[in-house]
>>> print(open('final.txt').read())   # compact mmCIF, C-alpha atoms
# COMPACT_ATOMS: atom_id res chain seq x y z
CA MET A 1 47.35 -81.37 -34.12
CA ASP A 2 48.77 -83.09 -37.20
CA LYS A 3 49.46 -81.19 -40.39
CA ILE A 4 46.60 -79.03 -41.65
CA LYS A 5 45.28 -80.60 -44.84
CA ILE A 6 44.62 -77.89 -47.41
CA GLY A 7 42.53 -77.79 -50.57
CA ILE A 8 43.18 -74.97 -53.05
CA ILE A 9 40.34 -73.81 -55.30
CA GLY A 10 41.68 -71.98 -58.33
CA ALA A 11 44.92 -72.84 -60.12
CA GLY A 12 45.60 -69.48 -61.75
CA PHE A 13 48.06 -66.77 -60.70
CA TRP A 14 47.18 -66.71 -57.00
CA GLY A 15 46.49 -70.43 -56.80
CA LYS A 16 50.04 -71.15 -57.96
CA ASN A 17 51.45 -68.76 -55.38
CA HIS A 18 49.36 -70.26 -52.58
CA ALA A 19 50.49 -73.75 -53.56
CA ARG A 20 54.14 -72.67 -53.53
CA VAL A 21 53.88 -71.03 -50.10
CA PHE A 22 51.73 -73.71 -48.46
CA ASN A 23 54.24 -76.28 -49.71
CA GLU A 24 56.97 -74.41 -47.81
CA LEU A 25 55.09 -74.45 -44.49
CA LYS A 26 55.96 -77.34 -42.22
CA ASP A 27 52.51 -77.59 -40.63
CA VAL A 28 50.66 -77.92 -43.94
CA GLU A 29 49.93 -80.65 -46.46
CA ILE A 30 48.23 -79.70 -49.73
CA ILE A 31 46.03 -82.66 -50.59
CA ALA A 32 43.65 -81.24 -53.21
CA ILE A 33 43.62 -78.75 -56.07
CA CYS A 34 40.63 -77.63 -58.15
CA ASP A 35 40.29 -75.64 -61.36
CA ILE A 36 37.72 -75.62 -64.15
CA ILE A 37 40.67 -76.03 -66.52
CA LYS A 38 41.88 -79.48 -65.56
CA GLU A 39 45.32 -79.07 -67.14
CA ARG A 40 46.12 -76.16 -64.82
CA ALA A 41 45.18 -78.22 -61.77
CA ILE A 42 47.24 -81.18 -63.04
CA GLU A 43 50.31 -78.96 -63.47
CA ILE A 44 50.20 -77.75 -59.86
CA ALA A 45 49.41 -81.25 -58.59
CA LYS A 46 52.53 -82.61 -60.31
CA ASN A 47 54.73 -79.82 -58.94
CA TYR A 48 53.67 -80.41 -55.33
CA ASN A 49 52.65 -84.06 -55.30
CA ILE A 50 48.98 -83.25 -54.62
CA GLN A 51 46.76 -86.29 -54.28
CA TYR A 52 43.33 -85.10 -55.43
CA ILE A 53 42.49 -83.15 -58.59
CA PHE A 54 39.02 -81.68 -59.17
CA THR A 55 37.29 -79.52 -61.76
CA ASP A 56 34.20 -78.95 -59.59
CA TYR A 57 34.80 -77.12 -56.31
CA LYS A 58 31.81 -78.84 -54.69
CA GLU A 59 33.55 -82.19 -55.09
CA LEU A 60 36.59 -80.78 -53.31
CA LEU A 61 34.42 -79.47 -50.47
CA ASN A 62 32.86 -82.92 -50.08
CA ASN A 63 36.29 -84.41 -49.34
CA LYS A 64 36.25 -85.07 -45.59
CA GLU A 65 40.04 -85.25 -45.35
CA ILE A 66 40.36 -81.51 -46.05
CA ASP A 67 40.58 -79.25 -42.99
CA ALA A 68 40.76 -75.87 -44.70
CA ILE A 69 40.52 -74.36 -48.14
CA SER A 70 42.06 -71.46 -49.97
CA ILE A 71 39.84 -69.64 -52.49
CA CYS A 72 41.88 -68.21 -55.38
CA THR A 73 39.19 -68.06 -58.06
CA PRO A 74 37.89 -65.01 -59.96
CA SER A 75 36.44 -62.39 -57.61
CA ILE A 76 32.80 -62.81 -58.64
CA THR A 77 32.86 -66.47 -57.53
CA HIS A 78 34.21 -65.86 -54.01
CA GLY A 79 30.84 -65.39 -52.31
CA GLU A 80 29.25 -68.55 -53.70
CA ILE A 81 32.25 -70.80 -52.98
CA ALA A 82 32.82 -69.37 -49.49
CA LEU A 83 29.17 -69.90 -48.55
CA GLU A 84 29.34 -73.55 -49.58
CA ALA A 85 32.63 -73.99 -47.71
CA ILE A 86 31.11 -72.70 -44.49
CA LYS A 87 28.15 -75.05 -44.91
CA LYS A 88 30.65 -77.90 -45.27
CA GLN A 89 32.37 -76.83 -42.03
CA LYS A 90 35.66 -75.93 -43.72
CA ASP A 91 37.97 -73.22 -42.42
CA LEU A 92 38.70 -70.85 -45.27
CA PHE A 93 41.03 -68.24 -46.63
CA ILE A 94 39.49 -65.98 -49.29
CA GLU A 95 41.60 -63.83 -51.57
CA LYS A 96 40.39 -60.23 -51.76
CA PRO A 97 37.79 -59.02 -52.36
CA MET A 98 35.95 -61.31 -49.97
CA THR A 99 32.84 -60.82 -52.07
CA THR A 100 31.95 -58.45 -54.90
CA LYS A 101 28.41 -57.87 -53.60
CA ILE A 102 27.27 -56.68 -50.19
CA GLU A 103 24.43 -59.21 -50.17
CA GLU A 104 26.95 -62.05 -50.49
CA ALA A 105 29.01 -60.69 -47.60
CA ILE A 106 25.89 -60.52 -45.43
CA ASN A 107 25.06 -64.13 -46.37
CA LEU A 108 28.53 -65.22 -45.23
CA LYS A 109 28.15 -63.37 -41.92
CA ASN A 110 24.77 -65.00 -41.30
CA GLU A 111 26.08 -68.46 -42.15
CA LEU A 112 29.00 -68.02 -39.75
CA LEU A 113 26.55 -67.05 -37.01
CA LYS A 114 24.62 -70.27 -37.64
CA ASN A 115 27.87 -72.09 -36.99
CA LYS A 116 28.39 -70.04 -33.80
CA ASN A 117 31.46 -68.41 -35.41
CA GLU A 118 33.44 -71.60 -34.87
CA ILE A 119 34.74 -71.62 -38.45
CA ILE A 120 37.93 -69.68 -39.20
CA LEU A 121 37.44 -67.20 -42.06
CA MET A 122 40.32 -64.98 -43.15
CA VAL A 123 40.39 -62.45 -45.98
CA GLY A 124 43.49 -61.93 -48.12
CA PHE A 125 44.49 -58.32 -47.58
CA ILE A 126 48.15 -59.06 -48.09
CA GLU A 127 49.48 -55.55 -47.39
CA ARG A 128 48.54 -55.93 -43.72
CA PHE A 129 51.42 -58.43 -43.57
CA ASN A 130 53.94 -56.28 -45.42
CA PRO A 131 56.77 -55.59 -42.93
CA VAL A 132 56.70 -51.85 -43.73
CA VAL A 133 52.98 -51.64 -42.92
CA GLN A 134 53.57 -53.44 -39.64
CA LYS A 135 56.40 -51.01 -38.87
CA ALA A 136 54.24 -48.01 -39.79
CA LYS A 137 51.45 -49.25 -37.50
CA GLU A 138 53.96 -49.69 -34.67
CA LEU A 139 55.23 -46.11 -35.15
CA ILE A 140 51.69 -44.70 -35.28
CA ASP A 141 50.70 -46.59 -32.14
CA LYS A 142 53.76 -45.16 -30.35
CA GLY A 143 52.71 -41.64 -31.34
CA GLU A 144 55.78 -41.07 -33.52
CA ILE A 145 53.92 -38.75 -35.92
CA GLY A 146 51.10 -37.71 -33.59
CA ASN A 147 47.46 -38.10 -34.55
CA ILE A 148 46.89 -39.02 -38.20
CA ILE A 149 45.42 -36.21 -40.29
CA LEU A 150 45.41 -37.78 -43.73
CA SER A 151 46.91 -40.47 -45.93
CA TYR A 152 47.64 -40.63 -49.62
CA SER A 153 48.16 -43.91 -51.43
CA ARG A 154 49.07 -44.61 -55.03
CA ARG A 155 48.59 -48.03 -56.58
CA ILE A 156 49.07 -47.76 -60.33
CA GLY A 157 50.33 -49.78 -63.30
CA ALA A 158 49.30 -51.52 -66.50
CA TRP A 159 46.06 -53.52 -66.54
CA PRO A 160 46.64 -57.15 -65.46
CA GLU A 161 44.77 -58.98 -68.21
CA ARG A 162 44.07 -61.93 -65.89
CA ILE A 163 41.45 -59.69 -64.23
CA GLY A 164 38.21 -59.32 -66.15
CA ASP A 165 35.41 -59.61 -63.62
CA VAL A 166 35.88 -56.47 -61.48
CA GLY A 167 37.29 -52.99 -61.93
CA VAL A 168 40.30 -51.26 -60.42
CA ILE A 169 38.41 -50.32 -57.24
CA LYS A 170 37.52 -53.83 -56.10
CA ASP A 171 40.75 -55.40 -57.33
CA THR A 172 43.41 -52.77 -56.64
CA ALA A 173 42.19 -49.79 -54.60
CA ILE A 174 40.55 -52.18 -52.14
CA HIS A 175 43.99 -52.81 -50.61
CA ASP A 176 44.24 -49.15 -49.65
CA ILE A 177 40.63 -49.05 -48.50
CA ASP A 178 41.54 -51.76 -46.01
CA LEU A 179 44.82 -50.09 -45.05
CA ALA A 180 43.07 -46.79 -44.36
CA ARG A 181 40.66 -48.55 -41.99
CA PHE A 182 43.57 -50.41 -40.38
CA LEU A 183 45.84 -47.39 -39.87
CA PHE A 184 43.12 -44.88 -38.92
CA GLN A 185 41.52 -47.51 -36.65
CA GLU A 186 38.08 -46.28 -37.64
CA ASP A 187 35.64 -46.33 -40.55
CA PRO A 188 35.05 -43.44 -42.94
CA ILE A 189 31.73 -41.66 -42.58
CA ALA A 190 31.44 -40.86 -46.30
CA VAL A 191 33.26 -41.23 -49.64
CA PHE A 192 33.64 -39.30 -52.87
CA ALA A 193 35.27 -40.53 -56.08
CA ARG A 194 35.91 -39.60 -59.68
CA GLY A 195 36.83 -42.27 -62.19
CA GLY A 196 35.91 -44.11 -65.32
CA SER A 197 37.02 -46.47 -68.07
CA ILE A 198 39.47 -45.67 -70.83
CA LYS A 199 40.90 -49.04 -71.88
CA HIS A 200 38.77 -51.52 -69.95
CA LYS A 201 35.57 -52.53 -71.72
CA TYR A 202 33.20 -53.11 -68.80
CA TYR A 203 34.70 -51.72 -65.58
CA GLU A 204 36.44 -48.62 -64.29
CA ASP A 205 40.19 -48.62 -64.86
CA TYR A 206 41.06 -45.42 -63.00
CA VAL A 207 39.85 -43.78 -59.81
CA GLN A 208 40.75 -40.98 -57.47
CA ALA A 209 38.88 -41.47 -54.23
CA THR A 210 38.54 -39.73 -50.90
CA LEU A 211 37.48 -41.51 -47.74
CA LEU A 212 36.09 -38.88 -45.36
CA TYR A 213 36.48 -39.38 -41.61
CA LYS A 214 35.15 -37.46 -38.65
CA ASP A 215 37.26 -34.57 -37.33
CA ARG A 216 38.11 -33.54 -40.94
CA LYS A 217 40.52 -36.45 -41.50
CA SER A 218 40.73 -38.09 -44.92
CA ALA A 219 42.36 -40.87 -46.90
CA LEU A 220 43.12 -40.18 -50.57
CA ILE A 221 43.44 -43.16 -52.89
CA GLU A 222 44.69 -43.12 -56.47
CA ALA A 223 44.51 -46.31 -58.50
CA ASN A 224 44.63 -47.10 -62.20
CA TRP A 225 45.47 -49.71 -64.80
CA LEU A 226 46.74 -47.12 -67.28
CA THR A 227 50.24 -45.96 -66.32
CA PRO A 228 53.17 -47.96 -67.76
CA ARG A 229 55.22 -48.13 -64.56
CA LYS A 230 54.02 -50.03 -61.51
CA LYS A 231 53.97 -48.00 -58.30
CA ARG A 232 52.79 -48.98 -54.84
CA GLU A 233 53.28 -46.26 -52.24
CA MET A 234 51.64 -44.51 -49.33
CA HIS A 235 52.20 -41.31 -47.34
CA ILE A 236 50.70 -40.97 -43.87
CA THR A 237 50.59 -37.45 -42.46
CA GLY A 238 50.31 -36.85 -38.74
CA GLU A 239 50.32 -33.72 -36.62
CA GLU A 240 54.02 -34.19 -35.89
CA GLY A 241 55.47 -35.92 -38.94
CA VAL A 242 55.04 -38.01 -42.06
CA ILE A 243 55.60 -41.71 -42.75
CA ARG A 244 56.45 -42.74 -46.33
CA ILE A 245 55.96 -46.36 -47.40
CA GLY A 246 57.19 -48.19 -50.49
CA PHE A 247 55.25 -51.46 -50.59
CA LEU A 248 57.29 -53.19 -53.30
CA SER A 249 60.73 -52.17 -52.05
CA GLN A 250 59.66 -52.56 -48.41
CA GLU A 251 61.23 -49.21 -47.57
CA ILE A 252 59.92 -46.79 -44.97
CA ALA A 253 60.92 -43.28 -43.93
CA ILE A 254 59.84 -41.04 -41.06
CA GLU A 255 60.01 -37.30 -41.74
CA LYS A 256 60.16 -34.95 -38.74
CA ASN A 257 60.86 -31.21 -38.45
CA GLU A 258 64.46 -31.73 -37.43
CA TYR A 259 65.41 -34.96 -39.21
CA GLU A 260 64.46 -37.92 -41.42
CA ILE A 261 64.82 -41.53 -40.29
CA ILE A 262 65.05 -44.45 -42.71
CA PRO A 263 64.87 -47.67 -40.65
CA THR A 264 66.39 -50.87 -41.99
CA ILE A 265 63.61 -53.40 -42.59
CA LYS A 266 64.36 -57.05 -43.24
CA TRP A 267 62.63 -58.08 -46.48
CA LEU A 268 60.04 -60.81 -45.90
CA GLU A 269 57.44 -62.20 -48.30
CA PRO A 270 54.02 -60.82 -47.25
CA LEU A 271 52.14 -63.81 -48.71
CA LYS A 272 54.18 -66.24 -46.62
CA LEU A 273 53.55 -64.19 -43.47
CA GLU A 274 49.86 -64.01 -44.34
CA LEU A 275 49.33 -67.73 -44.98
CA THR A 276 51.44 -68.63 -41.95
CA HIS A 277 49.06 -66.53 -39.84
CA PHE A 278 46.08 -68.32 -41.37
CA ILE A 279 47.50 -71.73 -40.51
CA GLU A 280 48.26 -70.59 -36.95
CA CYS A 281 44.65 -69.43 -36.60
CA VAL A 282 43.36 -72.77 -37.87
CA LYS A 283 45.62 -74.76 -35.53
CA ASN A 284 44.99 -72.62 -32.45
CA ARG A 285 41.31 -71.77 -33.23
CA LYS A 286 41.87 -68.03 -32.94
CA GLU A 287 40.34 -65.10 -34.81
CA PRO A 288 42.47 -63.89 -37.77
CA ILE A 289 43.65 -60.30 -37.69
CA VAL A 290 41.87 -59.83 -41.03
CA ASN A 291 38.38 -61.22 -40.52
CA ILE A 292 34.95 -61.29 -42.12
CA GLU A 293 34.09 -57.82 -40.82
CA ASP A 294 37.13 -56.39 -42.59
CA GLY A 295 36.08 -58.12 -45.81
CA TYR A 296 32.50 -56.90 -45.48
CA LYS A 297 33.44 -53.26 -44.81
CA ALA A 298 36.00 -53.14 -47.62
CA THR A 299 33.38 -54.32 -50.10
CA LEU A 300 30.84 -51.87 -48.68
CA ILE A 301 33.23 -48.94 -49.11
CA ALA A 302 34.23 -50.10 -52.61
CA GLU A 303 30.57 -50.26 -53.62
CA ALA A 304 30.05 -46.75 -52.25
CA LEU A 305 32.97 -45.44 -54.33
CA ILE A 306 31.49 -46.96 -57.48
CA LYS A 307 28.15 -45.38 -56.62
CA SER A 308 29.85 -42.04 -56.04
CA ILE A 309 31.42 -42.15 -59.51
CA LYS A 310 28.09 -42.95 -61.13
CA GLU A 311 26.16 -40.29 -59.21
CA ASN A 312 28.97 -37.70 -59.07
CA ASN A 313 28.15 -37.13 -55.44
CA ILE A 314 29.24 -37.84 -51.86
CA VAL A 315 27.97 -41.15 -50.54
CA LYS A 316 27.41 -41.43 -46.79
CA LEU A 317 28.41 -44.55 -44.86
CA PHE A 318 27.91 -46.19 -41.48
>>> encode(input="final.txt", output="structure tokens")
Amino acid sequence: MDKIKIGIIGAGFWGKNHARVFNELKDVEIIAICDIIKERAIEIAKNYNIQYIFTDYKELLNNKEIDAISICTPSITHGEIALEAIKKQKDLFIEKPMTTKIEEAINLKNELLKNKNEIILMVGFIERFNPVVQKAKELIDKGEIGNIILSYSRRIGAWPERIGDVGVIKDTAIHDIDLARFLFQEDPIAVFARGGSIKHKYYEDYVQATLLYKDRKSALIEANWLTPRKKREMHITGEEGVIRIGFLSQEIAIEKNEYEIIPTIKWLEPLKLELTHFIECVKNRKEPIVNIEDGYKATLIAEALIKSIKENNIVKLF
């Protein structure tokens, strides 16, 4: 197959990063960029010699030269754009959250079924591609810390003002919702959360959540847009040890009764690993490791956490 011809929808923070990374991949040619603010699209087009510039995403989707698209628009638009992309037979990468509403996720699943699941759809849970997460999963699979009992993740820092359409759960904590599912290799049976809004006008800007699993296992998630220093960390406790992860520093440690091991991990850019995987899936027509079911369940759990906050009660799942 020749180079995969990519169209990027959204020329904001993530759109710029996608353009930079796609431009570095040898099997990719970015041929179109779209943003409702034309000047932003023009800037990226100039930087990467992109042929087509659009302000309406439907015009981009109508371009028959484009093989696949990358959706980097505000979260509340993901469902609508993705649905149209599937109808236009475009492979697609959707930045998280896949959708902000369960109904939209169900619509995407149904539309994929109509197309006999022949369209590649990947969701942007970037931490899956962080080398320390991959190492942690390898250690867990080898039984290094025994069966997982619980995890605790902390994803905190000042409010990113570019985000105004969802709260901290669907934008920030959703990474750790996905990681809990990935590392536990099962879905929670219920959730409970406390949270609220202190600085954000419309959405929650802090949450402390518990994902409850069978056999008394749990995943604890703390996220906020309030604390001045940015932290991204996770502790995974097993019957025979603990794994500590620093997502930003890409450091990992394994604590055992007798010793502590700190493996040397080569730093690699998670976004580049993630988009490389997407392109490989498009070229080889294989299912991405982060698929529509992962996107659907992450949104479902996020919605349950928001409901739990509002009702001050446990919300059952699955």
>>> residues_around(input="final.txt", residues="A:Ala19", least_positions_apart="6", cutoff="9 Å", atoms="only C-alpha atoms", output="list of chain:residue names")
A:Ile8, A:Ala11, A:Ile30, A:Ile33, A:Ile44, A:Tyr48
>>> closest_residue(input="final.txt", among="A:Pro270, A:Pro263, A:Gly238, A:Gly10", to="A:Gly143", atoms="only C-alpha atoms")
A:Gly238
>>> closest_residue(input="final.txt", among="A:Ile4, A:Met234, A:Leu108, A:Ile42", to="A:Glu65", atoms="all atoms listed in the file")
A:Ile4
>>> residues_around(input="final.txt", residues="A:Glu293", least_positions_apart="3", cutoff="10 Å", atoms="only C-alpha atoms", output="list of chain:residue names")
A:Met98, A:Ala105, A:Ile106, A:Lys109, A:Met122, A:Val123, A:Val290, A:Tyr296, A:Lys297, A:Ala298, A:Thr299
>>> residues_around(input="final.txt", residues="A:Thr227", least_positions_apart="2", cutoff="10 Å", atoms="all atoms listed in the file", output="list in words")
Ile156, Gly157, Ala158, Trp159, Tyr206, Ala223, Asn224, Trp225, Arg229, Lys230 and Lys231 of chain A
>>> closest_atom_pairs(input="final.txt", of="stretch 23-142 of chain A", to="stretch 300-313 of chain A", cutoff="12 Å", atoms="all atoms listed in the file", output="tab-separated table")
residue	atom	partner	partner_atom	distance
A:Lys96	CA	A:Ala302	CA	11.9
A:Pro97	CA	A:Ala302	CA	9.6
A:Met98	CA	A:Leu300	CA	10.8
A:Thr99	CA	A:Leu300	CA	9.8
A:Thr100	CA	A:Glu303	CA	8.4
A:Lys101	CA	A:Glu303	CA	7.9
A:Ile102	CA	A:Leu300	CA	6.2
A:Glu103	CA	A:Leu300	CA	9.9
A:Glu104	CA	A:Leu300	CA	11.0
A:Ala105	CA	A:Leu300	CA	9.1
A:Ile106	CA	A:Leu300	CA	10.5
>>> residues_around(input="final.txt", residues="stretch 167-172 of chain A", least_positions_apart="6", cutoff="6 Å", atoms="only C-alpha atoms", output="list in words")
Tyr203, Glu204 and Asp205 of chain A
>>> atom_distance(input="final.txt", atom1="atom CA of A:Asp178", atom2="atom CA of A:Arg232")
14.6 Å
>>> residues_around(input="final.txt", residues="stretch 278-288 of chain A", least_positions_apart="3", cutoff="8 Å", atoms="all atoms listed in the file", output="mmCIF file with C-alpha atoms, in the coordinates of the input")
data_model
loop_
_atom_site.group_PDB
_atom_site.id
_atom_site.type_symbol
_atom_site.label_atom_id
_atom_site.label_comp_id
_atom_site.auth_asym_id
_atom_site.auth_seq_id
_atom_site.Cartn_x
_atom_site.Cartn_y
_atom_site.Cartn_z
ATOM 1 C CA MET A 1 47.350 -81.370 -34.120
ATOM 2 C CA ILE A 4 46.600 -79.030 -41.650
ATOM 3 C CA ASP A 27 52.510 -77.590 -40.630
ATOM 4 C CA VAL A 28 50.660 -77.920 -43.940
ATOM 5 C CA ALA A 68 40.760 -75.870 -44.700
ATOM 6 C CA ASP A 91 37.970 -73.220 -42.420
ATOM 7 C CA PHE A 93 41.030 -68.240 -46.630
ATOM 8 C CA ILE A 120 37.930 -69.680 -39.200
ATOM 9 C CA LEU A 121 37.440 -67.200 -42.060
ATOM 10 C CA MET A 122 40.320 -64.980 -43.150
ATOM 11 C CA GLU A 274 49.860 -64.010 -44.340
ATOM 12 C CA LEU A 275 49.330 -67.730 -44.980
ATOM 13 C CA ASN A 291 38.380 -61.220 -40.520
#
>>> closest_residue(input="final.txt", among="A:Asn63, A:Gln134, A:Thr237, A:Asn257", to="A:Ser153", atoms="all atoms listed in the file")
A:Thr237
>>> closest_residue(input="final.txt", among="A:Ser70, A:Asn110, A:Thr210, A:Thr55", to="A:Lys5", atoms="all atoms listed in the file")
A:Ser70
>>> build_atoms(input="final.txt", residues="stretch 20-48 of chain A", atoms="N, CA and C atoms", output="short mmCIF file (atom, residue, chain, number, x, y, z; two decimals), in the coordinates of the input")
data_model
loop_
_atom_site.label_atom_id
_atom_site.label_comp_id
_atom_site.auth_asym_id
_atom_site.auth_seq_id
_atom_site.Cartn_x
_atom_site.Cartn_y
_atom_site.Cartn_z
N ARG A 20 52.70 -72.79 -53.82
CA ARG A 20 54.14 -72.67 -53.53
C ARG A 20 54.39 -72.38 -52.05
N VAL A 21 53.64 -71.42 -51.49
CA VAL A 21 53.88 -71.03 -50.10
C VAL A 21 53.40 -72.11 -49.13
N PHE A 22 52.21 -72.64 -49.35
CA PHE A 22 51.73 -73.71 -48.46
C PHE A 22 52.69 -74.88 -48.46
N ASN A 23 53.29 -75.17 -49.61
CA ASN A 23 54.24 -76.28 -49.71
C ASN A 23 55.48 -76.03 -48.87
N GLU A 24 55.78 -74.76 -48.60
CA GLU A 24 56.97 -74.41 -47.81
C GLU A 24 56.70 -74.44 -46.31
N LEU A 25 55.43 -74.49 -45.91
CA LEU A 25 55.09 -74.45 -44.49
C LEU A 25 55.09 -75.86 -43.90
N LYS A 26 55.76 -76.01 -42.79
CA LYS A 26 55.96 -77.34 -42.22
C LYS A 26 54.68 -77.93 -41.64
N ASP A 27 53.73 -77.10 -41.26
CA ASP A 27 52.51 -77.59 -40.63
C ASP A 27 51.38 -77.84 -41.62
N VAL A 28 51.69 -77.86 -42.91
CA VAL A 28 50.66 -77.92 -43.94
C VAL A 28 50.94 -79.05 -44.92
N GLU A 29 49.86 -79.69 -45.35
CA GLU A 29 49.93 -80.65 -46.46
C GLU A 29 48.83 -80.30 -47.46
N ILE A 30 49.22 -79.97 -48.68
CA ILE A 30 48.23 -79.70 -49.73
C ILE A 30 47.77 -81.05 -50.28
N ILE A 31 46.49 -81.35 -50.12
CA ILE A 31 46.03 -82.66 -50.59
C ILE A 31 45.06 -82.58 -51.76
N ALA A 32 44.61 -81.35 -52.10
CA ALA A 32 43.65 -81.24 -53.21
C ALA A 32 43.80 -79.91 -53.93
N ILE A 33 43.59 -79.95 -55.24
CA ILE A 33 43.62 -78.75 -56.07
C ILE A 33 42.44 -78.82 -57.03
N CYS A 34 41.81 -77.66 -57.28
CA CYS A 34 40.63 -77.63 -58.15
C CYS A 34 40.73 -76.46 -59.12
N ASP A 35 40.40 -76.71 -60.37
CA ASP A 35 40.29 -75.64 -61.36
C ASP A 35 39.39 -76.14 -62.48
N ILE A 36 38.61 -75.21 -63.05
CA ILE A 36 37.72 -75.62 -64.15
C ILE A 36 38.51 -76.03 -65.38
N ILE A 37 39.76 -75.56 -65.46
CA ILE A 37 40.67 -76.03 -66.52
C ILE A 37 41.55 -77.11 -65.91
N LYS A 38 41.24 -78.35 -66.23
CA LYS A 38 41.88 -79.48 -65.56
C LYS A 38 43.40 -79.48 -65.72
N GLU A 39 43.88 -79.05 -66.88
CA GLU A 39 45.32 -79.07 -67.14
C GLU A 39 46.08 -78.17 -66.16
N ARG A 40 45.46 -77.05 -65.78
CA ARG A 40 46.12 -76.16 -64.82
C ARG A 40 46.22 -76.84 -63.46
N ALA A 41 45.17 -77.52 -63.05
CA ALA A 41 45.18 -78.22 -61.77
C ALA A 41 46.21 -79.35 -61.79
N ILE A 42 46.28 -80.06 -62.91
CA ILE A 42 47.24 -81.18 -63.04
C ILE A 42 48.67 -80.67 -62.91
N GLU A 43 48.95 -79.52 -63.52
CA GLU A 43 50.31 -78.96 -63.47
C GLU A 43 50.74 -78.67 -62.04
N ILE A 44 49.87 -78.04 -61.26
CA ILE A 44 50.20 -77.75 -59.86
C ILE A 44 50.30 -79.04 -59.05
N ALA A 45 49.38 -79.98 -59.31
CA ALA A 45 49.41 -81.25 -58.59
C ALA A 45 50.73 -81.98 -58.80
N LYS A 46 51.25 -81.95 -60.01
CA LYS A 46 52.53 -82.61 -60.31
C LYS A 46 53.68 -81.91 -59.58
N ASN A 47 53.63 -80.59 -59.56
CA ASN A 47 54.73 -79.82 -58.94
C ASN A 47 54.83 -80.07 -57.44
N TYR A 48 53.68 -80.32 -56.79
CA TYR A 48 53.67 -80.41 -55.33
C TYR A 48 53.11 -81.74 -54.82
#
